[in-house]
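Engineer: Structure file my_file.txt (compact mmCIF, C-alpha atoms) is given on the next line.
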```
# COMPACT_ATOMS: atom_id res chain seq x y z
CA LEU S 1 -15.16 12.49 -6.11
CA PHE S 2 -12.18 14.72 -5.30
CA LEU S 3 -10.94 14.41 -1.72
CA PRO S 4 -8.39 16.85 -0.22
CA SER S 5 -5.74 14.56 1.28
CA ASN S 6 -4.21 17.06 3.70
CA ASP S 7 -6.15 20.07 5.01
CA ASN S 8 -2.90 21.81 5.98
CA HIS S 9 -1.89 21.90 2.30
CA SER S 10 -5.28 22.01 0.59
CA ASN S 11 -4.07 24.65 -1.91
CA ASP S 12 -1.59 22.19 -3.41
CA GLU S 13 -3.35 20.50 -6.35
CA ASN S 14 -1.26 17.38 -5.81
CA THR S 15 -2.94 16.67 -2.46
CA ALA S 16 -6.40 16.00 -3.92
CA SER S 17 -7.20 12.29 -4.12
CA ASP S 18 -9.65 10.78 -6.62
CA VAL S 19 -12.27 8.42 -5.17
CA HIS S 20 -14.02 6.15 -7.69
CA SER S 21 -16.96 3.81 -7.19
CA GLN S 22 -19.65 2.43 -9.44
CA SER S 23 -23.11 3.98 -9.14
CA SER S 24 -25.83 1.71 -7.81
CA GLY S 25 -28.35 3.48 -10.07
CA SER S 26 -30.40 4.52 -7.06
CA TYR S 27 -30.07 6.31 -3.76
CA ASN S 28 -28.77 3.10 -2.20
CA LYS S 29 -25.10 2.71 -1.45
CA THR S 30 -23.04 0.61 -3.84
CA SER S 31 -21.93 -2.82 -2.64
CA VAL S 32 -18.19 -3.31 -3.22
CA ARG S 33 -15.72 -6.15 -2.79
CA GLY S 34 -13.14 -3.85 -1.20
CA THR S 35 -11.05 -0.80 -2.00
CA ILE S 36 -7.83 -0.35 -3.98
CA PHE S 37 -5.95 2.48 -2.23
CA PHE S 38 -3.39 3.31 -4.91
CA VAL S 39 -0.29 5.49 -4.31
CA HIS S 40 1.30 6.62 -7.58
CA GLY S 41 5.01 6.81 -8.33
CA GLY S 42 7.08 9.54 -9.94
CA ALA S 43 10.53 9.35 -8.31
CA TRP S 44 9.25 11.29 -5.28
CA GLY S 45 9.27 14.50 -7.34
CA SER S 46 6.47 14.26 -9.89
CA GLY S 47 3.07 12.76 -10.63
CA GLN S 48 -0.58 13.63 -10.00
CA PRO S 49 -3.64 11.41 -9.51
CA TRP S 50 -5.18 12.31 -12.89
CA MET S 51 -2.23 10.68 -14.62
CA TYR S 52 -3.21 7.33 -13.09
CA ARG S 53 -7.00 7.42 -13.45
CA LEU S 54 -6.89 4.46 -15.81
CA VAL S 55 -6.03 2.31 -12.80
CA ALA S 56 -9.65 2.72 -11.69
CA PRO S 57 -11.76 1.26 -14.56
CA VAL S 58 -10.09 -2.16 -14.43
CA PHE S 59 -10.98 -2.60 -10.76
CA LEU S 60 -14.35 -0.83 -10.95
CA LYS S 61 -15.43 -3.53 -13.39
CA LEU S 62 -14.46 -6.07 -10.74
CA ASN S 63 -16.67 -4.25 -8.20
CA PHE S 64 -13.94 -2.59 -6.16
CA ALA S 65 -13.91 1.04 -5.07
CA VAL S 66 -10.67 2.80 -6.08
CA VAL S 67 -8.81 5.67 -4.42
CA VAL S 68 -5.96 7.24 -6.43
CA VAL S 69 -4.05 9.11 -3.76
CA GLY S 70 -2.71 12.62 -4.22
CA TYR S 71 0.25 13.82 -2.16
CA ARG S 72 2.86 16.55 -2.26
CA THR S 73 5.99 15.81 -4.25
CA TYR S 74 9.51 17.14 -3.72
CA PRO S 75 10.30 20.01 -3.11
CA GLU S 76 6.78 20.94 -1.92
CA ALA S 77 7.17 17.98 0.43
CA PRO S 78 10.72 18.49 1.74
CA THR S 79 10.97 15.16 3.60
CA ILE S 80 9.71 11.63 3.12
CA ASP S 81 7.73 11.93 6.34
CA ASP S 82 5.78 14.81 4.76
CA GLN S 83 4.74 12.55 1.90
CA CYS S 84 3.77 9.80 4.35
CA GLU S 85 1.73 12.36 6.29
CA ASP S 86 -0.23 13.28 3.15
CA VAL S 87 -0.91 9.65 2.23
CA ARG S 88 -1.90 8.79 5.80
CA SER S 89 -4.23 11.80 5.90
CA ALA S 90 -5.88 10.55 2.71
CA TRP S 91 -6.24 7.08 4.25
CA ASP S 92 -7.87 8.46 7.39
CA LYS S 93 -10.29 10.65 5.43
CA CYS S 94 -11.34 7.81 3.14
CA GLU S 95 -13.04 5.94 5.94
CA HIS S 96 -15.72 8.62 6.34
CA VAL S 97 -16.11 9.14 2.59
CA LEU S 98 -16.48 5.43 1.84
CA ASN S 99 -19.05 5.05 4.58
CA GLU S 100 -21.12 7.61 2.71
CA LEU S 101 -20.74 5.94 -0.70
CA VAL S 102 -20.45 2.17 -0.36
CA VAL S 103 -21.17 -0.88 1.77
CA PRO S 104 -19.06 -4.05 1.96
CA ALA S 105 -20.25 -7.02 -0.07
CA LYS S 106 -21.28 -10.02 1.97
CA SER S 107 -18.69 -12.75 2.33
CA ARG S 108 -19.59 -16.04 0.73
CA ASP S 109 -18.93 -19.62 1.82
CA SER S 110 -15.52 -20.44 0.31
CA SER S 111 -16.68 -23.95 -0.55
CA VAL S 112 -18.94 -22.41 -3.21
CA GLY S 113 -16.03 -20.70 -4.96
CA ASP S 114 -15.69 -17.10 -6.11
CA ASP S 115 -18.58 -15.65 -8.14
CA GLY S 116 -17.19 -12.12 -8.44
CA THR S 117 -19.37 -10.61 -5.72
CA GLY S 118 -18.01 -11.62 -2.30
CA TRP S 119 -15.93 -9.45 0.01
CA VAL S 120 -12.16 -9.48 -0.63
CA GLY S 121 -10.75 -6.58 1.40
CA ASN S 122 -8.95 -3.25 1.33
CA VAL S 123 -5.64 -3.14 -0.52
CA ILE S 124 -2.88 -0.59 0.03
CA CYS S 125 -1.07 -0.57 -3.31
CA GLY S 126 1.78 1.54 -4.68
CA HIS S 127 4.01 1.67 -7.73
CA SER S 128 7.70 2.61 -7.73
CA SER S 129 8.33 5.44 -5.24
CA GLY S 130 4.63 5.20 -4.37
CA ALA S 131 5.22 1.60 -3.20
CA HIS S 132 8.02 2.91 -0.97
CA VAL S 133 5.83 5.64 0.55
CA ALA S 134 2.86 3.28 0.95
CA LEU S 135 4.91 0.64 2.77
CA LEU S 136 6.43 3.31 5.03
CA MET S 137 2.89 4.39 5.95
CA LEU S 138 1.91 0.79 6.72
CA VAL S 139 4.99 0.28 8.93
CA ASP S 140 4.15 3.48 10.80
CA MET S 141 0.58 2.24 11.29
CA ILE S 142 1.96 -0.98 12.76
CA GLY S 143 4.22 1.03 15.08
CA GLU S 144 1.30 3.16 16.23
CA GLN S 145 -0.77 0.06 16.93
CA MET S 146 2.06 -1.36 19.02
CA GLU S 147 2.10 1.78 21.15
CA ASN S 148 -1.35 0.83 22.39
CA THR S 149 -0.56 -2.11 24.64
CA ASP S 150 -4.24 -3.13 24.69
CA HIS S 151 -3.95 -4.04 21.02
CA ALA S 152 -0.29 -4.99 20.78
CA THR S 153 -1.09 -8.60 19.95
CA MET S 154 -4.23 -8.02 17.93
CA PRO S 155 -4.71 -7.38 14.20
CA MET S 156 -5.33 -3.78 13.22
CA THR S 157 -8.98 -2.93 13.75
CA HIS S 158 -11.11 0.14 13.14
CA HIS S 159 -12.64 1.81 16.17
CA THR S 160 -15.16 4.22 14.69
CA GLY S 161 -18.13 1.89 14.74
CA GLN S 162 -18.98 2.83 11.16
CA ASN S 163 -20.24 0.31 8.63
CA TYR S 164 -17.34 0.14 6.19
CA PRO S 165 -14.41 -1.92 7.59
CA TRP S 166 -11.60 0.51 6.80
CA VAL S 167 -8.54 -1.52 7.74
CA PRO S 168 -5.54 -2.60 5.61
CA ASP S 169 -6.29 -6.20 4.65
CA TYR S 170 -3.46 -6.50 2.10
CA PHE S 171 -0.39 -4.64 0.86
CA VAL S 172 0.76 -4.84 -2.78
CA GLY S 173 4.04 -3.24 -3.81
CA LEU S 174 4.80 -2.82 -7.51
CA SER S 175 8.40 -2.28 -8.65
CA GLY S 176 9.30 -0.51 -5.43
CA PRO S 177 12.66 0.52 -3.89
CA TYR S 178 12.42 -0.48 -0.22
CA ASP S 179 16.04 0.06 0.86
CA ILE S 180 17.02 3.66 0.11
CA SER S 181 20.74 3.24 0.73
CA TYR S 182 20.83 0.33 -1.69
CA HIS S 183 18.87 2.27 -4.28
CA PHE S 184 21.15 5.29 -3.87
CA ASP S 185 24.09 3.08 -4.85
CA PHE S 186 22.10 1.75 -7.81
CA GLU S 187 21.28 5.29 -8.95
CA GLY S 188 24.97 6.10 -8.58
CA GLY S 189 25.72 3.38 -11.12
CA ARG S 190 23.32 5.12 -13.51
CA GLY S 191 24.82 8.55 -12.82
CA VAL S 192 21.59 10.07 -11.51
CA GLU S 193 22.07 9.90 -7.73
CA GLN S 194 22.77 13.65 -7.41
CA ILE S 195 19.84 14.83 -9.54
CA SER S 196 17.21 12.38 -8.27
CA PRO S 197 14.79 13.81 -5.65
CA MET S 198 15.38 10.66 -3.60
CA LYS S 199 18.58 11.89 -1.96
CA PRO S 200 17.23 15.19 -0.54
CA ILE S 201 13.75 13.93 0.37
CA CYS S 202 15.23 10.96 2.23
CA GLY S 203 17.68 13.08 4.22
CA HIS S 204 21.03 13.10 2.34
CA SER S 205 22.88 10.77 4.75
CA ARG S 206 23.18 6.99 5.03
CA GLU S 207 21.71 7.14 8.52
CA ASN S 208 18.64 8.98 7.25
CA PHE S 209 18.41 6.65 4.25
CA ASP S 210 18.05 3.73 6.67
CA ARG S 211 15.37 5.55 8.63
CA ALA S 212 13.51 6.24 5.38
CA SER S 213 13.65 2.56 4.35
CA PRO S 214 10.43 0.72 5.29
CA VAL S 215 12.08 -2.69 5.75
CA LYS S 216 14.67 -1.21 8.11
CA ARG S 217 12.06 0.87 9.90
CA LEU S 218 10.13 -2.34 10.53
CA LEU S 219 13.27 -4.03 11.86
CA SER S 220 13.76 -1.07 14.23
CA LEU S 221 10.48 -1.93 15.95
CA PHE S 222 11.98 -5.12 17.35
CA GLY S 223 13.02 -5.02 20.98
CA LYS S 224 11.24 -1.74 21.71
CA GLN S 225 10.05 -1.60 25.28
CA ARG S 226 6.47 -0.53 25.92
CA GLU S 227 5.40 -0.52 29.56
CA GLY S 228 7.36 -3.68 30.32
CA MET S 229 6.48 -5.41 27.02
CA THR S 230 9.01 -6.23 24.31
CA THR S 231 8.19 -6.33 20.63
CA THR S 232 8.60 -9.80 19.18
CA SER S 233 8.14 -11.35 15.75
CA SER S 234 4.76 -12.74 16.85
CA THR S 235 3.57 -9.21 17.64
CA ILE S 236 4.55 -7.87 14.23
CA GLN S 237 3.22 -11.01 12.57
CA GLN S 238 -0.26 -10.44 13.96
CA LEU S 239 -0.30 -6.75 13.08
CA THR S 240 0.92 -7.03 9.49
CA PRO S 241 -1.47 -7.91 6.65
CA PRO S 242 -0.46 -10.31 3.86
CA ILE S 243 2.09 -8.67 1.55
CA LEU S 244 2.71 -9.18 -2.17
CA LEU S 245 5.72 -7.68 -3.95
CA VAL S 246 5.67 -7.64 -7.77
CA HIS S 247 8.59 -6.77 -10.04
CA GLY S 248 9.52 -6.95 -13.70
CA ILE S 249 12.72 -8.86 -14.44
CA GLU S 250 13.73 -6.34 -17.13
CA ASP S 251 13.35 -3.32 -14.83
CA SER S 252 16.32 -0.97 -15.30
CA THR S 253 14.90 1.83 -13.11
CA VAL S 254 14.48 -0.17 -9.90
CA PRO S 255 16.20 -3.58 -10.10
CA PHE S 256 14.14 -6.66 -9.24
CA THR S 257 16.70 -7.44 -6.52
CA ALA S 258 15.11 -4.58 -4.54
CA THR S 259 12.03 -6.78 -4.20
CA SER S 260 13.91 -10.02 -3.48
CA ASP S 261 15.98 -8.35 -0.73
CA ALA S 262 12.91 -6.70 0.79
CA GLY S 263 10.98 -9.97 0.77
CA ARG S 264 13.82 -11.78 2.55
CA ILE S 265 14.04 -9.14 5.28
CA LEU S 266 10.26 -8.94 5.74
CA ARG S 267 10.01 -12.72 6.14
CA SER S 268 12.85 -12.61 8.66
CA CYS S 269 10.53 -10.43 10.78
CA GLY S 270 8.20 -13.42 11.04
CA LEU S 271 5.48 -12.23 8.69
CA LYS S 272 2.81 -14.83 8.07
CA GLN S 273 2.63 -14.10 4.36
CA CYS S 274 5.05 -12.17 2.17
CA ASP S 275 4.97 -13.36 -1.43
CA GLU S 276 6.90 -12.28 -4.50
CA ILE S 277 5.97 -12.41 -8.19
CA TYR S 278 8.53 -11.76 -10.93
CA LEU S 279 7.34 -11.03 -14.45
CA GLU S 280 9.47 -11.98 -17.44
CA GLU S 281 10.07 -9.51 -20.27
CA THR S 282 8.55 -6.74 -18.12
CA ASN S 283 10.17 -3.38 -17.39
CA HIS S 284 9.42 -0.63 -14.87
CA GLN S 285 6.64 1.14 -16.76
CA ASP S 286 5.11 -2.08 -18.08
CA VAL S 287 3.87 -2.97 -14.61
CA ILE S 288 1.79 0.18 -14.16
CA MET S 289 0.57 -0.03 -17.75
CA HIS S 290 -0.70 -3.54 -16.97
CA PHE S 291 -2.73 -2.02 -14.16
CA MET S 292 -4.17 0.66 -16.43
CA LEU S 293 -4.83 -1.36 -19.57
CA GLY S 294 -4.77 -4.95 -18.35
CA GLY S 295 -1.89 -7.39 -18.38
CA PRO S 296 0.09 -9.95 -16.37
CA ALA S 297 0.83 -7.67 -13.40
CA LYS S 298 -2.84 -6.86 -12.82
CA ASP S 299 -3.91 -10.46 -13.39
CA SER S 300 -1.26 -11.80 -11.01
CA VAL S 301 -2.24 -9.37 -8.26
CA LEU S 302 -5.95 -10.07 -8.64
CA ASN S 303 -5.42 -13.85 -8.57
CA TRP S 304 -3.30 -13.49 -5.44
CA LEU S 305 -5.96 -11.36 -3.70
CA LEU S 306 -8.73 -13.82 -4.53
CA GLN S 307 -6.63 -16.76 -3.38
CA CYS S 308 -5.78 -15.05 -0.08
CA SER S 309 -9.43 -14.15 0.43
CA GLN S 310 -10.58 -17.72 -0.19
CA GLU S 311 -7.93 -19.15 2.14
CA GLU S 312 -8.99 -16.75 4.89
CA LYS S 313 -12.64 -17.72 4.50
CA THR S 314 -11.74 -21.41 4.57
CA ALA S 315 -9.73 -20.91 7.76
CA GLN S 316 -12.64 -19.06 9.37
CA ILE S 317 -15.03 -21.89 8.52
CA GLN S 318 -12.64 -24.55 9.83
CA SER S 319 -12.16 -22.63 13.08
CA ARG S 320 -15.90 -22.83 13.70
CA LEU S 321 -16.06 -26.62 13.18
```
Please go through the file and, once you have read it, give me the structure as structure tokens.

Structural biologist:
Amino acid sequence: LFLPSNDNHSNDENTASDVHSQSSGSYNKTSVRGTIFFVHGGAWGSGQPWMYRLVAPVFLKLNFAVVVVGYRTYPEAPTIDDQCEDVRSAWDKCEHVLNELVVPAKSRDSSVGDDGTGWVGNVICGHSSGAHVALLMLVDMIGEQMENTDHATMPMTHHTGQNYPWVPDYFVGLSGPYDISYHFDFEGGRGVEQISPMKPICGHSRENFDRASPVKRLLSLFGKQREGMTTTSSTIQQLTPPILLVHGIEDSTVPFTATSDAGRILRSCGLKQCDEIYLEETNHQDVIMHFMLGGPAKDSVLNWLLQCSQEEKTAQIQSRL
């Protein structure tokens, strides 16, 4: 299914997202374990969903729905906020589409173990610059939730009353640059800082680079006053889903220190769970190839998701005892 991500730019072929789900073989909706909402990379200036369709089969076999997100690239999207707008528009539209196609699998008692059918959750996932854009979108969603004081200390919830629980249960970042000023300096060392789309799309200046950095944008939420309430780490902790950052040690495009620095800052915000996985003998493109064709990156992410899901179910059972 092809889904226009942004109605205001529906003529741009890049803004069509691909929605994949297995057929139930009847008129009944397919039962799924969750959705992989995948934002592709391409250095902010290239890439289309069709190039990443091989991400879908691996997860379809595991009974997930998959959305490969389309969004405008530079210069059609002149600013990073334009790209975030496209991805957020795709996210918002997916709720209605998924309600028409699928139903969530029933959760199982964690004491039984995982049999490959129980509910896991919805995963916002991005690779390279797509991980940067996806995390920016998540931070903006957290900021919007905080603006509503009625829900400032509650996890993100959906309010449509529809059957499919379209909320971000997990975030997975693959080989992403999360501090733009830091990455600008790294690109300078490679001699590509002036030709990379990153500099213009993120605003040219150090001040704008900081604003375009998701970890620093999250830090900026601290201390904001909202009708007499002050943002604290406990507020952000409750609004942020578990996060996993994955990076190849041999990455020469985005250094693995981008992930280690981001993880340190995110944990300093009081996040309940922000894990990191580093893959030996793995470069930048290897990680996305693992997702398309199978490999350590995909296996590590899937194991992490299943472990988080089981731990959450166990906690829910213990809370009822």

Engineer: Determine, counting all atoms listed in the file, which protein, DNA and RNA residues have an atom within 10 Å of an atom of range 194-211 of chain S; residues of the same chain fewer than 2 positions away are not included. Present the result as a PyMOL selection string.

Structural biologist: chain S and resi 42-46+73-75+77-83+129+136+178-184+187-188+191-192+213-218+220

Engineer: Skipping near chain neighbours, those fewer than 2 positions away, what residues fall within 8 Å of Trp166 in chain S using all atoms listed in the file, listed as a PyMOL selection string?

Structural biologist: chain S and resi 95+122+158+164+168

Engineer: Would you mind reading off the distance between CA of Met146 in chain S and CA of Leu221 in chain S, one decimal, in Å?

Structural biologist: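 We find that CA of Met146 in chain S and CA of Leu221 in chain S lie 9.0 Å from each other.
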
Engineer: Would you mind reading off the distance between CA of Arg33 in chain S and CA of His247 in chain S, one decimal, in Å?

Structural biologist: 25.4 Å

Engineer: Could you please determine the separation between CA of Glu76 in chain S and CA of Phe37 in chain S in Å, to one decimal place?

Structural biologist: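 Interatomic distance here is 22.4 Å.
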
Engineer: Check the smallest atom-to-atom distance from each of S:Ala131, S:Val32, S:Ala90, S:Met289 to Trp119 in chain S using only C-alpha atoms, then report the winner.

Structural biologist: S:Val32

Engineer: Compare S:Gln310, S:Thr259, S:Gln48, S:Gln22 by their minimum atom-to-atom distance to Leu62 in chain S, counting only C-alpha atoms, and give me the closest one.

Structural biologist: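 Nearest to Leu62 in chain S: S:Gln22.
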
Engineer: Considering all atoms listed in the file, return as a list in words whatever protein or nucleic-acid residues lie within 8 Å of Arg88 in chain S, sequence-local ones (same chain, fewer than 4 positions apart) excluded.

Structural biologist: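 The residues satisfying every condition are Cys84, Asp92 and Met137 of chain S.
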
Engineer: Measuring atom to atom with only C-alpha atoms, identify which of S:Met292, S:Cys308, S:Leu244, S:Leu279 is nearest to Leu60 in chain S.

Structural biologist: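 Between S:Met292, S:Cys308, S:Leu244, S:Leu279, the residue approaching Leu60 in chain S most closely is S:Met292.
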
Engineer: With distances taken over all atoms listed in the file, which residue among S:Arg267, S:His284, S:Lys106, S:His20 lies nearest Lys61 in chain S?

Structural biologist: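 Result for the nearest residue to Lys61 in chain S: S:His20.
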
Engineer: Quick one: residues within 10 Å of Arg264 in chain S, only C-alpha atoms, excluding same-chain residues fewer than 3 positions away - as a PyMOL selection string?

Structural biologist: chain S and resi 215+259-261+267-269+274-276

Engineer: Deliver the residues from the most recent selection as a file, using C-alpha atoms, as a PDB file, keeping the file's coordinate frame.

Structural biologist:
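So result.pdb came out as:
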```pdb
ATOM      1  CA  VAL S 215      12.080  -2.690   5.750  1.00  0.00           C
ATOM      2  CA  THR S 259      12.030  -6.780  -4.200  1.00  0.00           C
ATOM      3  CA  SER S 260      13.910 -10.020  -3.480  1.00  0.00           C
ATOM      4  CA  ASP S 261      15.980  -8.350  -0.730  1.00  0.00           C
ATOM      5  CA  ARG S 267      10.010 -12.720   6.140  1.00  0.00           C
ATOM      6  CA  SER S 268      12.850 -12.610   8.660  1.00  0.00           C
ATOM      7  CA  CYS S 269      10.530 -10.430  10.780  1.00  0.00           C
ATOM      8  CA  CYS S 274       5.050 -12.170   2.170  1.00  0.00           C
ATOM      9  CA  ASP S 275       4.970 -13.360  -1.430  1.00  0.00           C
ATOM     10  CA  GLU S 276       6.900 -12.280  -4.500  1.00  0.00           C
TER      11      GLU S 276
END
```

Engineer: Just checking: using all atoms listed in the file, which residue out of S:Trp304, S:Phe38, S:Phe64, S:Phe222 ends up closest to Ser128 in chain S?

Structural biologist: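 That would be S:Phe38, the residue with the smallest distance to Ser128 in chain S.
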
Engineer: Which residues are close to Ile288 in chain S, i.e. within 12 Å by only C-alpha atoms, leaving aside same-chain residues fewer than 4 positions away? Reply as a PyMOL selection string.

Structural biologist: chain S and resi 38-42+51-56+125-128+130-131+173-176+246-248+282-284+292-298+301

Engineer: Rank nothing, just name the residue among S:Gly118, S:Phe256, S:Ala212, S:Glu193 nearest to Ala134 in chain S, using only C-alpha atoms.

Structural biologist: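 So, comparing all the options, the nearest one is S:Ala212.
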